[in-house]
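Beneath this line is the structure, given in structure tokens, with notes to follow.
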Number of protein chains: 2
Amino acid sequence: MKKLDHVDRQILQILHEDGRIPYTEIAHQLGVSEGTIRSRITRLLQDGVFQFVIQPDPEKLGLHVQAIIGLTTKLGLQKEVAEKLSKFSAVRFVGAYSGKHDLIIQACFHSNDELITFVNERLSQIEGIAAADVSLELKQYKDTFSFVQDDEVTLQ
Amino acid sequence: MKKLDHVDRQILQILHEDGRIPYTEIAHQLGVSEGTIRSRITRLLQDGVFQFVIQPDPEKLGLHVQAIIGLTTKLGLQKEVAEKLSKFSAVRFVGAYSGKHDLIIQACFHSNDELITFVNERLSQIEGIAAADVSLELKQYKDTFSFVQDDEVTLQ
DNA sequence: AAGATTATTGCGAAATTCGTAAAAAAATGA
DNA sequence: TCATTTTTTTACGAATTTCGCAATAATCTT
């Protein structure tokens with residue numbers, strides 16, 4: 001996989017703001033031909049650099065309750081637990097971490113009831129979970145892939 | 001804002017898999033006209049139900065270090081801290097939570113050095129952060145908006 | 001049930017995407 | 001450095017998609 005150049009990053013930047021902007025428009029903005037944009041995007045997709053997706057607003061879908069849950073897993077069962085958790089559509093994010101919790105997940109629910117059901121009936125059924133530390137989301141300030149940035153400006 | 005019906009959810013489901021699939025193709029899959037898909041998507045966008053975005057792979061962008069950081073903030077300064085954190089492009093997610101940590105953020109870095117710099121030089125500069133609990137991501141199992149689902153099946 | 005409102009369809013025009021060959025640029029290597 | 005190979009970009013006609021909008025159909029209100 002070739003290193004991304006400035007044009008690639010600019011393409012990602014533009015698509016980040018509108019994932020459905022026409023290639024002709026990107027081409028116009030960057031002063032190159034549509035074919036260039038097309039071939040670069042094809043390459044980026046093939047290399048798995050990005051995907052075209054949609055970002056739904058959980059609230060608007062009726063998912064009023066969001067939580068981050070830190071899990072402690074029994075030694076040796078972490079991977080299995082992570083894979084089981086990943087199967088739930090309510091679970092948006094699953095990662096293994098160093099630190100207090102072996103696994104951290106993010107999940108969305110229609111109601112507090114649904115969250116409680118998830119914790120008490122689903123998590124408890126999964127062999128290998130020793131403890132779950134639930135944090136309820138009170139307010140979301142940012143949720144984006146803003147790190148699509150020109151090179152080394154992550155800390156600005 | 002009108003309640004989403006079955007067709008709306010199906011549209012979201014299809015777009016979730018490929019955010020750039022043509023409207024004509026969605027129309028064909030669902031057995032309705034292109035105009036219907038177009039008018040529904042226009043309405044969903046206007047209502048803020050979803051956005052067209054791209055999902056980059058942090059690894060492929062050279063962001064090899066990801067972390068979740070739980071923060072304890074001084075009473076009254078939480079909102080201000082959250083807004084300052086949201087300004088960093090390295091910071092992908094910022095939320096306020098009940099539980100151990102007042103704020104939980106997710107951030108991406110090129111290296112451990114960059115992470116350390118962020119914690120020691122940037123976070124420490126922000127008035128109102130009392131403590132930061134860093135968890136390093138070891139492996140990501142899932143990262144998606146899979147909760148685009150038909151109605152009440154979040155727990156399947 | 002009648003009228004009003006909203007959603008869907010159909011279709012020609014405009015715009016975009018696609019396929020591909022030629023030209024240009026970049027990389028390779030003697 | 002220069003010639004050759006490889007990669008990238010451009011150009012452009014054909015196919016496809018999107019758009020605008022009027023007619024029709026469906027849904028909602030009373």
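Note on naming: chains are A, B, ... as they come in the structure tokens, residues start from 1 per chain, ligands start from 1 in the order shown.
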
Each chain C residue no farther than 12 Å from chain A, nearest pair in Å, only C-alpha atoms (C1' of nucleotides), as a Markdown table:
```
| residue | atom | partner | partner_atom | distance |
| --- | --- | --- | --- | --- |
| C:DA15 | C1' | A:Thr24 | CA | 9.5 |
| C:DT16 | C1' | A:Pro22 | CA | 7.1 |
| C:DT17 | C1' | A:Tyr23 | CA | 8.4 |
| C:DC18 | C1' | A:Gly35 | CA | 9.5 |
| C:DG19 | C1' | A:Gly35 | CA | 10.8 |
| C:DT20 | C1' | A:Gly35 | CA | 11.3 |
```

Those same residues, written as a PDB file, in the first residue's frame with N, CA and C atoms (P, O5', C5', C4', C3', O3' and C1' of nucleotides)?
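Listed below is the output, result.pdb:
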```pdb
ATOM      1  P    DA C  15     -26.592  20.929 -15.896  1.00  0.00           P
ATOM      2  O5'  DA C  15     -26.060  19.652 -15.108  1.00  0.00           O
ATOM      3  C5'  DA C  15     -26.716  19.240 -13.922  1.00  0.00           C
ATOM      4  C4'  DA C  15     -26.073  17.959 -13.427  1.00  0.00           C
ATOM      5  C3'  DA C  15     -24.552  17.994 -13.444  1.00  0.00           C
ATOM      6  O3'  DA C  15     -24.106  17.695 -12.136  1.00  0.00           O
ATOM      7  C1'  DA C  15     -25.373  16.030 -14.531  1.00  0.00           C
ATOM      8  P    DT C  16     -22.595  17.408 -11.759  1.00  0.00           P
ATOM      9  O5'  DT C  16     -22.568  15.825 -11.866  1.00  0.00           O
ATOM     10  C5'  DT C  16     -23.394  15.064 -11.015  1.00  0.00           C
ATOM     11  C4'  DT C  16     -23.107  13.592 -11.226  1.00  0.00           C
ATOM     12  C3'  DT C  16     -21.642  13.210 -11.023  1.00  0.00           C
ATOM     13  O3'  DT C  16     -21.617  12.160 -10.076  1.00  0.00           O
ATOM     14  C1'  DT C  16     -22.457  12.361 -13.088  1.00  0.00           C
ATOM     15  P    DT C  17     -20.234  11.520  -9.600  1.00  0.00           P
ATOM     16  O5'  DT C  17     -20.159  10.180 -10.459  1.00  0.00           O
ATOM     17  C5'  DT C  17     -21.235   9.249 -10.405  1.00  0.00           C
ATOM     18  C4'  DT C  17     -21.014   8.178 -11.440  1.00  0.00           C
ATOM     19  C3'  DT C  17     -19.659   7.472 -11.350  1.00  0.00           C
ATOM     20  O3'  DT C  17     -19.928   6.072 -11.280  1.00  0.00           O
ATOM     21  C1'  DT C  17     -20.088   8.169 -13.563  1.00  0.00           C
ATOM     22  P    DC C  18     -18.796   4.997 -11.073  1.00  0.00           P
ATOM     23  O5'  DC C  18     -18.521   4.475 -12.561  1.00  0.00           O
ATOM     24  C5'  DC C  18     -19.623   4.006 -13.342  1.00  0.00           C
ATOM     25  C4'  DC C  18     -19.150   3.664 -14.729  1.00  0.00           C
ATOM     26  C3'  DC C  18     -17.797   2.945 -14.790  1.00  0.00           C
ATOM     27  O3'  DC C  18     -17.964   1.752 -15.528  1.00  0.00           O
ATOM     28  C1'  DC C  18     -17.859   4.780 -16.301  1.00  0.00           C
ATOM     29  P    DG C  19     -16.878   0.576 -15.501  1.00  0.00           P
ATOM     30  O5'  DG C  19     -16.272   0.626 -16.984  1.00  0.00           O
ATOM     31  C5'  DG C  19     -17.153   0.697 -18.099  1.00  0.00           C
ATOM     32  C4'  DG C  19     -16.361   0.964 -19.364  1.00  0.00           C
ATOM     33  C3'  DG C  19     -14.994   0.272 -19.415  1.00  0.00           C
ATOM     34  O3'  DG C  19     -14.852  -0.318 -20.698  1.00  0.00           O
ATOM     35  C1'  DG C  19     -14.734   2.625 -19.725  1.00  0.00           C
ATOM     36  P    DT C  20     -13.572  -1.195 -21.059  1.00  0.00           P
ATOM     37  O5'  DT C  20     -12.640  -0.145 -21.832  1.00  0.00           O
ATOM     38  C5'  DT C  20     -13.216   0.690 -22.816  1.00  0.00           C
ATOM     39  C4'  DT C  20     -12.184   1.690 -23.307  1.00  0.00           C
ATOM     40  C3'  DT C  20     -10.733   1.165 -23.244  1.00  0.00           C
ATOM     41  O3'  DT C  20     -10.065   1.622 -24.398  1.00  0.00           O
ATOM     42  C1'  DT C  20     -10.869   3.220 -22.171  1.00  0.00           C
TER      43       DT C  20
END
```

In chain B, DSSP helix (DSSP H, G or I) residues written as a VMD selection string: chain B and resid 6 to 17 23 to 30 34 to 46 58 to 61 78 to 86 112 to 125

Residue list for chain D near chain A as a ChimeraX atom specification, 8 Å, only C-alpha atoms (C1' of nucleotides): /D:8-10

Writer output for current selection, C-alpha atoms (C1' of nucleotides), as an mmCIF file, in the first residue's frame:
```
data_model
loop_
_atom_site.group_PDB
_atom_site.id
_atom_site.type_symbol
_atom_site.label_atom_id
_atom_site.label_comp_id
_atom_site.auth_asym_id
_atom_site.auth_seq_id
_atom_site.Cartn_x
_atom_site.Cartn_y
_atom_site.Cartn_z
ATOM 1 C "C1'" DT D 8 -0.918 8.528 -13.145
ATOM 2 C "C1'" DT D 9 -3.607 11.818 -15.361
ATOM 3 C "C1'" DT D 10 -6.451 13.492 -18.933
#
```

Which of chain B fall in strand (DSSP E or B), as an MDAnalysis selection string: chainID B and resid 50:56 65:73 91:97 103:109 129:143

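Taking CA of Leu45 (chain A) and CA of Asp8 (chain A) as the two end points, the separation is 11.4 Å.
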
Counting only C-alpha atoms, chain B residues within 7 Å of chain A, as a ChimeraX atom specification: /B:15-20,49-57,60,82,86,88-90,92-99,109,118,135-147,154-156

Selection near DA21 (chain C), 12 Å with only C-alpha atoms (C1' of nucleotides), sequence-local residues under 4 positions removed, as a tab-separated table (two decimals) with N, CA and C atoms (P, O5', C5', C4', C3', O3' and C1' of nucleotides), in the first residue's frame:
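Contents of out-v9.tsv, as written:
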```
chain	number	residue	atom	x	y	z
D	10	DT	P	-5.18	15.65	-14.28
D	10	DT	O5'	-5.59	15.44	-15.81
D	10	DT	C5'	-4.62	15.68	-16.82
D	10	DT	C4'	-5.17	15.27	-18.18
D	10	DT	C3'	-6.55	15.83	-18.50
D	10	DT	O3'	-6.47	16.54	-19.72
D	10	DT	C1'	-6.45	13.49	-18.93
D	11	DA	P	-7.64	17.51	-20.20
D	11	DA	O5'	-8.27	16.72	-21.43
D	11	DA	C5'	-7.48	15.79	-22.15
D	11	DA	C4'	-8.36	15.01	-23.12
D	11	DA	C3'	-9.74	15.60	-23.39
D	11	DA	O3'	-10.05	15.39	-24.76
D	11	DA	C1'	-10.00	13.45	-22.45
D	12	DC	P	-11.22	16.15	-25.49
D	12	DC	O5'	-12.33	15.03	-25.65
D	12	DC	C5'	-12.02	13.81	-26.33
D	12	DC	C4'	-13.15	12.83	-26.13
D	12	DC	C3'	-14.53	13.50	-26.06
D	12	DC	O3'	-15.47	12.69	-26.73
D	12	DC	C1'	-14.22	12.16	-24.21
D	13	DG	P	-16.60	13.30	-27.68
D	13	DG	O5'	-17.45	12.01	-28.07
D	13	DG	C5'	-16.80	10.84	-28.60
D	13	DG	C4'	-17.45	9.60	-28.02
D	13	DG	C3'	-18.98	9.63	-28.06
D	13	DG	O3'	-19.44	8.32	-28.40
D	13	DG	C1'	-18.26	9.40	-25.82
```

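When only C-alpha atoms are used to measure the gap to Val119 (chain A), the shortest distance among A:Ile69, A:Ala27, A:Ile41, A:Leu77 belongs to A:Ile69.
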
Neighbour list for Ala131 (chain A) as an MDAnalysis selection string, cut-off 7 Å, only C-alpha atoms (C1' of nucleotides), skip fewer than 2 positions in-chain: chainID A and resid 71:72 129 133

Output file for the selection above: all heavy atoms, as a JSON list (two decimals), in the first residue's frame:
```json
[["chain", "number", "residue", "atom", "x", "y", "z"],
["A", 71, "LEU", "N", -15.52, -3.50, 31.04],
["A", 71, "LEU", "CA", -15.69, -4.88, 31.47],
["A", 71, "LEU", "C", -14.39, -5.49, 31.96],
["A", 71, "LEU", "O", -13.31, -5.21, 31.41],
["A", 71, "LEU", "CB", -16.21, -5.73, 30.31],
["A", 71, "LEU", "CG", -17.58, -5.32, 29.73],
["A", 71, "LEU", "CD1", -17.79, -5.96, 28.38],
["A", 71, "LEU", "CD2", -18.68, -5.73, 30.70],
["A", 72, "THR", "N", -14.51, -6.31, 32.98],
["A", 72, "THR", "CA", -13.38, -7.11, 33.43],
["A", 72, "THR", "C", -13.66, -8.54, 33.01],
["A", 72, "THR", "O", -14.75, -9.06, 33.28],
["A", 72, "THR", "CB", -13.25, -7.03, 34.96],
["A", 72, "THR", "OG1", -13.19, -5.67, 35.34],
["A", 72, "THR", "CG2", -11.98, -7.74, 35.43],
["A", 129, "ILE", "N", -17.30, -12.85, 31.74],
["A", 129, "ILE", "CA", -17.37, -11.48, 32.23],
["A", 129, "ILE", "C", -17.40, -11.50, 33.75],
["A", 129, "ILE", "O", -18.32, -12.06, 34.36],
["A", 129, "ILE", "CB", -18.62, -10.75, 31.68],
["A", 129, "ILE", "CG1", -18.53, -10.65, 30.16],
["A", 129, "ILE", "CG2", -18.73, -9.36, 32.30],
["A", 129, "ILE", "CD1", -19.70, -9.92, 29.52],
["A", 133, "ASP", "N", -18.82, -2.23, 34.51],
["A", 133, "ASP", "CA", -18.87, -0.91, 35.10],
["A", 133, "ASP", "C", -19.57, 0.03, 34.11],
["A", 133, "ASP", "O", -18.99, 0.44, 33.11],
["A", 133, "ASP", "CB", -17.42, -0.48, 35.37],
["A", 133, "ASP", "CG", -17.35, 0.89, 36.00],
["A", 133, "ASP", "OD1", -18.41, 1.48, 36.25],
["A", 133, "ASP", "OD2", -16.22, 1.35, 36.22]]
```

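Here C1' of DA15 (chain D) stands at a distance of 17.6 Å from C1' of DC11 (chain C).
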